[in-house]
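A.B. asks: What follows is query.txt; its format and atoms are compact mmCIF, C-alpha atoms.
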# COMPACT_ATOMS: atom_id res chain seq x y z
CA MET A 1 0.00 0.00 0.00
CA ARG A 2 2.82 2.47 -0.79
CA SER A 3 2.20 3.35 -4.43
CA GLU A 4 0.52 6.60 -5.44
CA GLU A 5 -2.52 4.67 -6.61
CA SER A 6 -2.85 2.90 -3.27
CA ARG A 7 -2.54 6.14 -1.35
CA SER A 8 -5.22 7.70 -3.51
CA ARG A 9 -7.47 4.68 -3.06
CA ARG A 10 -7.03 4.72 0.70
CA ARG A 11 -7.78 8.44 0.85
CA GLY A 12 -10.96 7.83 -1.14
CA LEU A 13 -11.95 5.09 1.30
CA ASP A 14 -11.37 7.40 4.26
CA ARG A 15 -13.62 10.00 2.63
CA GLU A 16 -16.37 7.45 2.09
CA ARG A 17 -16.14 6.44 5.73
CA ASP A 18 -16.23 10.08 6.79
CA LEU A 19 -19.38 10.74 4.76
CA ALA A 20 -21.13 7.58 6.00
CA ARG A 21 -20.27 8.51 9.60
CA LYS A 22 -21.49 12.11 9.26
CA LEU A 23 -24.77 10.92 7.76
CA TRP A 24 -25.17 8.40 10.60
CA GLU A 25 -24.63 11.20 13.14
CA MET A 26 -27.40 13.17 11.38
CA GLY A 27 -29.82 10.31 12.05
CA PHE A 28 -29.59 8.53 8.70
CA ALA A 29 -29.12 4.81 8.35
CA SER A 30 -25.96 4.86 6.24
CA MET A 31 -23.80 2.29 4.52
CA ARG A 32 -20.56 2.31 2.58
CA ALA A 33 -19.99 0.05 -0.41
CA PRO A 34 -17.17 -2.49 -0.58
CA ALA A 35 -13.93 -1.21 -2.10
CA SER A 36 -14.23 -1.49 -5.88
CA GLY A 37 -12.50 -4.67 -6.94
CA ALA A 38 -12.61 -6.76 -10.05
CA LYS A 39 -15.67 -8.71 -8.88
CA ALA A 40 -17.50 -5.72 -7.43
CA LYS A 41 -17.24 -3.78 -10.68
CA ARG A 42 -19.46 -6.23 -12.48
CA PHE A 43 -22.31 -5.02 -10.29
CA VAL A 44 -23.30 -1.42 -9.84
CA GLN A 45 -23.08 -0.05 -6.37
CA PRO A 46 -23.11 3.53 -5.07
CA ASP A 47 -20.12 4.46 -2.87
CA VAL A 48 -22.42 5.43 -0.01
CA ILE A 49 -26.15 5.07 0.63
CA ALA A 50 -28.20 6.83 3.30
CA VAL A 51 -31.83 6.23 4.24
CA LYS A 52 -34.09 8.09 6.64
CA ASP A 53 -37.82 7.51 7.07
CA GLY A 54 -37.96 5.82 3.70
CA ALA A 55 -36.15 8.58 1.77
CA VAL A 56 -33.13 7.14 -0.03
CA PHE A 57 -29.98 9.06 -1.02
CA VAL A 58 -27.08 7.58 -2.99
CA PHE A 59 -23.63 9.05 -3.57
CA GLU A 60 -20.66 8.71 -5.86
CA VAL A 61 -17.81 10.09 -3.76
CA LYS A 62 -15.03 12.28 -5.20
CA SER A 63 -12.34 14.08 -3.23
CA ARG A 64 -10.49 16.86 -5.07
CA SER A 65 -8.14 19.73 -4.37
CA GLU A 66 -8.87 21.26 -7.79
CA LEU A 67 -11.88 21.62 -10.06
CA PRO A 68 -13.33 20.81 -12.53
CA LEU A 69 -13.53 17.07 -11.95
CA TYR A 70 -14.68 14.48 -14.46
CA VAL A 71 -16.78 11.40 -13.83
CA ASP A 72 -16.86 8.52 -16.27
CA SER A 73 -20.21 8.51 -18.06
CA GLU A 74 -20.70 4.78 -17.45
CA GLN A 75 -20.35 5.36 -13.69
CA VAL A 76 -22.96 8.12 -13.85
CA GLU A 77 -25.36 6.01 -15.90
CA LYS A 78 -25.01 3.02 -13.59
CA LEU A 79 -25.63 5.17 -10.53
CA SER A 80 -28.69 6.58 -12.30
CA GLU A 81 -30.03 3.10 -12.87
CA TRP A 82 -29.51 2.15 -9.22
CA ALA A 83 -31.29 5.34 -8.15
CA ALA A 84 -34.19 4.76 -10.55
CA ARG A 85 -34.78 1.25 -9.20
CA ALA A 86 -34.67 2.51 -5.62
CA ARG A 87 -36.48 5.80 -6.29
CA ALA A 88 -33.46 7.40 -4.68
CA ARG A 89 -31.98 10.86 -5.09
CA ALA A 90 -28.48 10.54 -6.56
CA PHE A 91 -25.54 12.90 -6.09
CA ILE A 92 -21.87 13.32 -6.84
CA ALA A 93 -20.56 13.93 -3.32
CA VAL A 94 -17.59 16.25 -3.80
CA HIS A 95 -15.19 16.74 -0.92
CA TYR A 96 -13.54 20.04 -1.86
CA SER A 97 -12.09 22.90 0.14
CA ARG A 98 -12.49 20.90 3.38
CA SER A 99 -16.22 20.30 3.11
CA TRP A 100 -18.90 18.25 1.40
CA HIS A 101 -20.89 19.46 -1.61
CA PHE A 102 -23.70 17.38 -3.12
CA VAL A 103 -24.21 17.91 -6.83
CA PRO A 104 -27.47 16.36 -8.11
CA LEU A 105 -26.79 13.86 -10.87
CA GLY A 106 -29.38 15.46 -13.12
CA GLY A 107 -27.66 18.83 -13.05
CA ILE A 108 -24.24 18.03 -14.48
CA GLU A 109 -23.03 18.48 -18.02
CA ARG A 110 -21.96 15.62 -20.24
CA VAL A 111 -18.75 16.27 -22.18
CA GLY A 112 -17.97 13.40 -24.49
CA ARG A 113 -17.56 10.24 -22.43
CA THR A 114 -17.43 12.04 -19.10
CA TYR A 115 -19.56 14.28 -16.95
CA ARG A 116 -17.96 17.53 -15.83
CA VAL A 117 -18.39 19.05 -12.36
CA ASP A 118 -17.02 22.60 -12.11
CA GLU A 119 -16.68 25.40 -9.56
CA ASP A 120 -20.14 26.66 -10.40
CA ASP A 121 -21.78 23.25 -9.84
CA VAL A 122 -20.07 22.98 -6.47
CA ALA A 123 -20.99 26.55 -5.47
CA HIS A 124 -24.66 25.74 -6.08
CA ALA A 125 -24.54 22.25 -4.59
CA LEU A 126 -26.44 21.05 -1.52
CA ARG A 127 -24.63 20.90 1.81
CA LEU A 128 -24.92 18.28 4.53
CA GLU A 129 -27.63 20.26 6.33
CA ASP A 130 -29.72 20.34 3.12
CA LEU A 131 -30.07 16.55 3.02
CA ARG A 132 -33.43 15.91 4.60
CA ALA A 133 -36.05 13.25 4.31
CA MET B 1 -6.63 -17.40 2.72
CA ARG B 2 -6.15 -21.06 3.56
CA SER B 3 -7.22 -21.29 7.18
CA GLU B 4 -10.65 -22.64 8.17
CA GLU B 5 -11.69 -19.16 9.29
CA SER B 6 -10.69 -17.63 5.95
CA ARG B 7 -12.57 -20.30 4.01
CA SER B 8 -15.67 -19.66 6.11
CA ARG B 9 -15.36 -15.91 5.62
CA ARG B 10 -14.93 -16.28 1.88
CA ARG B 11 -17.95 -18.60 1.66
CA GLY B 12 -19.98 -16.01 3.59
CA LEU B 13 -18.86 -13.33 1.14
CA ASP B 14 -19.86 -15.48 -1.82
CA ARG B 15 -23.31 -15.94 -0.27
CA GLU B 16 -23.73 -12.19 0.23
CA ARG B 17 -22.77 -11.63 -3.41
CA ASP B 18 -25.22 -14.32 -4.51
CA LEU B 19 -28.08 -12.73 -2.57
CA ALA B 20 -27.28 -9.20 -3.83
CA ARG B 21 -27.16 -10.50 -7.42
CA LYS B 22 -30.45 -12.43 -7.13
CA LEU B 23 -32.19 -9.34 -5.72
CA TRP B 24 -30.74 -7.21 -8.54
CA GLU B 25 -32.11 -9.69 -11.07
CA MET B 26 -35.54 -9.34 -9.41
CA GLY B 27 -35.47 -5.61 -10.11
CA PHE B 28 -34.21 -4.38 -6.75
CA ALA B 29 -31.41 -1.88 -6.35
CA SER B 30 -29.11 -3.98 -4.16
CA MET B 31 -25.83 -3.44 -2.37
CA ARG B 32 -23.47 -5.56 -0.33
CA ALA B 33 -21.62 -4.21 2.71
CA PRO B 34 -17.84 -4.16 2.98
CA ALA B 35 -16.30 -7.25 4.56
CA SER B 36 -16.45 -6.87 8.34
CA GLY B 37 -13.09 -5.60 9.49
CA ALA B 38 -11.87 -3.89 12.63
CA LYS B 39 -12.84 -0.44 11.35
CA ALA B 40 -16.11 -1.51 9.81
CA LYS B 41 -17.32 -3.09 13.05
CA ARG B 42 -17.44 0.24 14.85
CA PHE B 43 -20.31 1.20 12.55
CA VAL B 44 -23.41 -0.83 12.06
CA GLN B 45 -24.05 -2.06 8.57
CA PRO B 46 -26.40 -4.73 7.25
CA ASP B 47 -24.71 -7.41 5.11
CA VAL B 48 -27.01 -6.68 2.17
CA ILE B 49 -29.54 -3.94 1.43
CA ALA B 50 -32.18 -3.96 -1.30
CA VAL B 51 -34.49 -1.12 -2.33
CA LYS B 52 -37.35 -1.07 -4.81
CA ASP B 53 -39.74 1.83 -5.33
CA GLY B 54 -38.84 3.24 -1.93
CA ALA B 55 -39.35 -0.03 0.00
CA VAL B 56 -36.19 -0.92 1.91
CA PHE B 57 -35.08 -4.43 2.95
CA VAL B 58 -31.98 -5.21 5.02
CA PHE B 59 -30.38 -8.57 5.66
CA GLU B 60 -27.97 -10.24 8.03
CA VAL B 61 -26.70 -13.19 5.98
CA LYS B 62 -26.10 -16.65 7.47
CA SER B 63 -25.19 -19.80 5.58
CA ARG B 64 -25.67 -23.09 7.42
CA SER B 65 -25.77 -26.79 6.77
CA GLU B 66 -27.42 -27.42 10.15
CA LEU B 67 -29.98 -25.67 12.33
CA PRO B 68 -30.60 -24.09 14.78
CA LEU B 69 -28.28 -21.15 14.23
CA TYR B 70 -27.52 -18.44 16.74
CA VAL B 71 -27.05 -14.73 16.10
CA ASP B 72 -25.28 -12.49 18.57
CA SER B 73 -27.84 -10.24 20.27
CA GLU B 74 -25.73 -7.14 19.70
CA GLN B 75 -25.75 -7.84 15.95
CA VAL B 76 -29.54 -8.19 16.00
CA GLU B 77 -30.02 -5.00 17.99
CA LYS B 78 -27.73 -3.00 15.71
CA LEU B 79 -29.52 -4.26 12.63
CA SER B 80 -32.81 -3.28 14.30
CA GLU B 81 -31.53 0.24 14.88
CA TRP B 82 -30.43 0.55 11.24
CA ALA B 83 -33.83 -0.68 10.09
CA ALA B 84 -35.69 1.70 12.43
CA ARG B 85 -33.79 4.72 11.08
CA ALA B 86 -34.45 3.64 7.50
CA ARG B 87 -38.00 2.36 8.10
CA ALA B 88 -36.73 -0.85 6.54
CA ARG B 89 -37.90 -4.43 6.95
CA ALA B 90 -35.11 -6.47 8.52
CA PHE B 91 -34.42 -10.19 8.08
CA ILE B 92 -31.97 -12.91 8.93
CA ALA B 93 -31.29 -14.26 5.43
CA VAL B 94 -30.59 -17.96 5.97
CA HIS B 95 -29.03 -19.95 3.15
CA TYR B 96 -29.97 -23.50 4.11
CA SER B 97 -30.69 -26.62 2.13
CA ARG B 98 -29.61 -24.90 -1.11
CA SER B 99 -32.03 -21.98 -0.93
CA TRP B 100 -32.75 -18.66 0.72
CA HIS B 101 -35.12 -18.23 3.65
CA PHE B 102 -35.91 -14.80 5.12
CA VAL B 103 -36.75 -14.81 8.80
CA PRO B 104 -38.21 -11.49 10.04
CA LEU B 105 -36.13 -10.02 12.84
CA GLY B 106 -39.19 -9.51 14.99
CA GLY B 107 -40.10 -13.19 14.93
CA ILE B 108 -37.04 -14.83 16.45
CA GLU B 109 -36.53 -15.93 20.02
CA ARG B 110 -33.91 -14.45 22.31
CA VAL B 111 -31.97 -17.04 24.30
CA GLY B 112 -29.56 -15.34 26.70
CA ARG B 113 -27.12 -13.26 24.69
CA THR B 114 -28.10 -14.75 21.34
CA TYR B 115 -31.12 -15.05 19.11
CA ARG B 116 -32.03 -18.56 17.98
CA VAL B 117 -33.24 -19.43 14.48
CA ASP B 118 -34.55 -23.00 14.24
CA GLU B 119 -36.06 -25.39 11.66
CA ASP B 120 -39.54 -24.05 12.40
CA ASP B 121 -38.51 -20.40 11.83
CA VAL B 122 -36.96 -21.38 8.50
CA ALA B 123 -39.96 -23.47 7.45
CA HIS B 124 -42.22 -20.44 7.98
CA ALA B 125 -39.79 -17.90 6.53
CA LEU B 126 -40.36 -15.78 3.44
CA ARG B 127 -38.80 -16.89 0.16
CA LEU B 128 -37.23 -14.76 -2.57
CA GLU B 129 -40.52 -14.49 -4.44
CA ASP B 130 -42.23 -13.14 -1.29
CA LEU B 131 -40.00 -10.05 -1.18
CA ARG B 132 -42.05 -7.37 -2.84
CA ALA B 133 -42.29 -3.62 -2.60
Rewrite the structure from the file as structure tokens, please.
C.D. replies:
Amino acid sequence: MRSEESRSRRRGLDRERDLARKLWEMGFASMRAPASGAKAKRFVQPDVIAVKDGAVFVFEVKSRSELPLYVDSEQVEKLSEWAARARARAFIAVHYSRSWHFVPLGGIERVGRTYRVDEDDVAHALRLEDLRA
Amino acid sequence: MRSEESRSRRRGLDRERDLARKLWEMGFASMRAPASGAKAKRFVQPDVIAVKDGAVFVFEVKSRSELPLYVDSEQVEKLSEWAARARARAFIAVHYSRSWHFVPLGGIERVGRTYRVDEDDVAHALRLEDLRA
């Protein structure tokens, strides 16, 4: 676990844990997905899910020191399918500038084979306190 | 991964994957929890969650060749808390005699510091086709 990729992966995992814990402290039932491995990738899973009083929220987690960030279109489409089955609200959860920003999946721009999340998306994103059943 | 404990853990993981995949094929949005590790245990997570049209189901997964089986009371109580927050229906998902049986958490008997799931509970349990939104 000393390569750059491993460090990045571990940091991502820590962020997912942080988000799941914060949501739990807000009264949500929350759950983190298994680390993405070869087997896991065959099935679509959000990084984090949170449920309260029957309202379901799902998150693809990204931690960045700079924007814009790009999300693979296949990832976005798979998360959309998961959310549609569950009737969940789906977000890109961006950890940026030391806090969480929740960009609704429907509001981001597709650019070729990726979706682009920029400063403006993050500025208008929901915050933790906006996530309510 | 050659010890008896590792084999048992891997078999449990395969069962969780099997259940998550079957539920996905039935139209649920499903997700498996991370393997229980030291860090994961501090937070409560069901083994598998499934959501369809806003109805939430959570499962503690047990695979057995013999019954009765015993579930630690703390595990049951934590799963109950998760389900209460989410307004989910909670089950012990028992893989026994080559098929899945879903025993509602509310219907099992507490015996000291464990909950006991016996032949009778499994005989009266829900089956995959009974899980509906």
A.B. asks: Could you state the separation of atom CA of Ile49 of chain B and atom CA of Arg32 of chain B in Å, given to one decimal place?
C.D. replies: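 So the two atoms, atom CA of Ile49 of chain B and atom CA of Arg32 of chain B, lie 6.5 Å apart.
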A.B. asks: Counting all atoms listed in the file, what is within 7 Å of segment 104-114 of chain A, bar same-chain residues fewer than 3 positions away, as a PyMOL selection string?
C.D. replies: chain A and resi 70-73+90-92+117
A.B. asks: If we count only C-alpha atoms, which residues of chain A reach to within 7 Å of chain B? Please list them as JSON, numbers by chain.
C.D. replies: {"A": [27, 28, 29, 31, 32, 33, 34, 45, 51, 52, 53, 54, 82, 85, 86, 87]}
A.B. asks: Choose the residue, out of A:Glu119, A:Glu4, A:Glu77, A:Glu16, that has the smallest atom-to-atom separation from Ser97 of chain A; count all atoms listed in the file.
C.D. replies: A:Glu119
A.B. asks: Using Å and a single decimal, report how far atom CA of His101 of chain B sits from atom CA of Ala125 of chain B.
C.D. replies: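 Atom CA of Ala125 of chain B sits 5.5 Å away from atom CA of His101 of chain B.
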A.B. asks: Please determine, counting only C-alpha atoms, which residue among A:Leu19, A:Met26, A:Ser6, A:Gly12 has the shortest atom-to-atom distance to Arg132 of chain A.
C.D. replies: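 Using only C-alpha atoms, the shortest distance to Arg132 of chain A belongs to A:Met26.
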A.B. asks: Using all atoms listed in the file, pick whichever of A:Glu129, A:Phe102, A:Arg15, A:Tyr96 has the shortest atom-to-atom distance to Val58 of chain A.
C.D. replies: A:Phe102
A.B. asks: Work out how far apart atom CA of Glu66 of chain A and atom CA of Leu79 of chain A are and give it in Å to one decimal.
C.D. replies: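 The value is 23.4 Å.
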A.B. asks: Just checking: using only C-alpha atoms, which residue out of B:Val94, B:Val76, B:Leu23, B:Leu128 ends up closest to Arg64 of chain B?
C.D. replies: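 Between B:Val94, B:Val76, B:Leu23, B:Leu128, the residue approaching Arg64 of chain B most closely is B:Val94.
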A.B. asks: Which of these residues is nearest to Arg98 of chain A, using all atoms listed in the file: A:Pro68, A:Ser63, A:Ser8, A:Asp14?
C.D. replies: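 That would be A:Ser63, the residue with the smallest distance to Arg98 of chain A.
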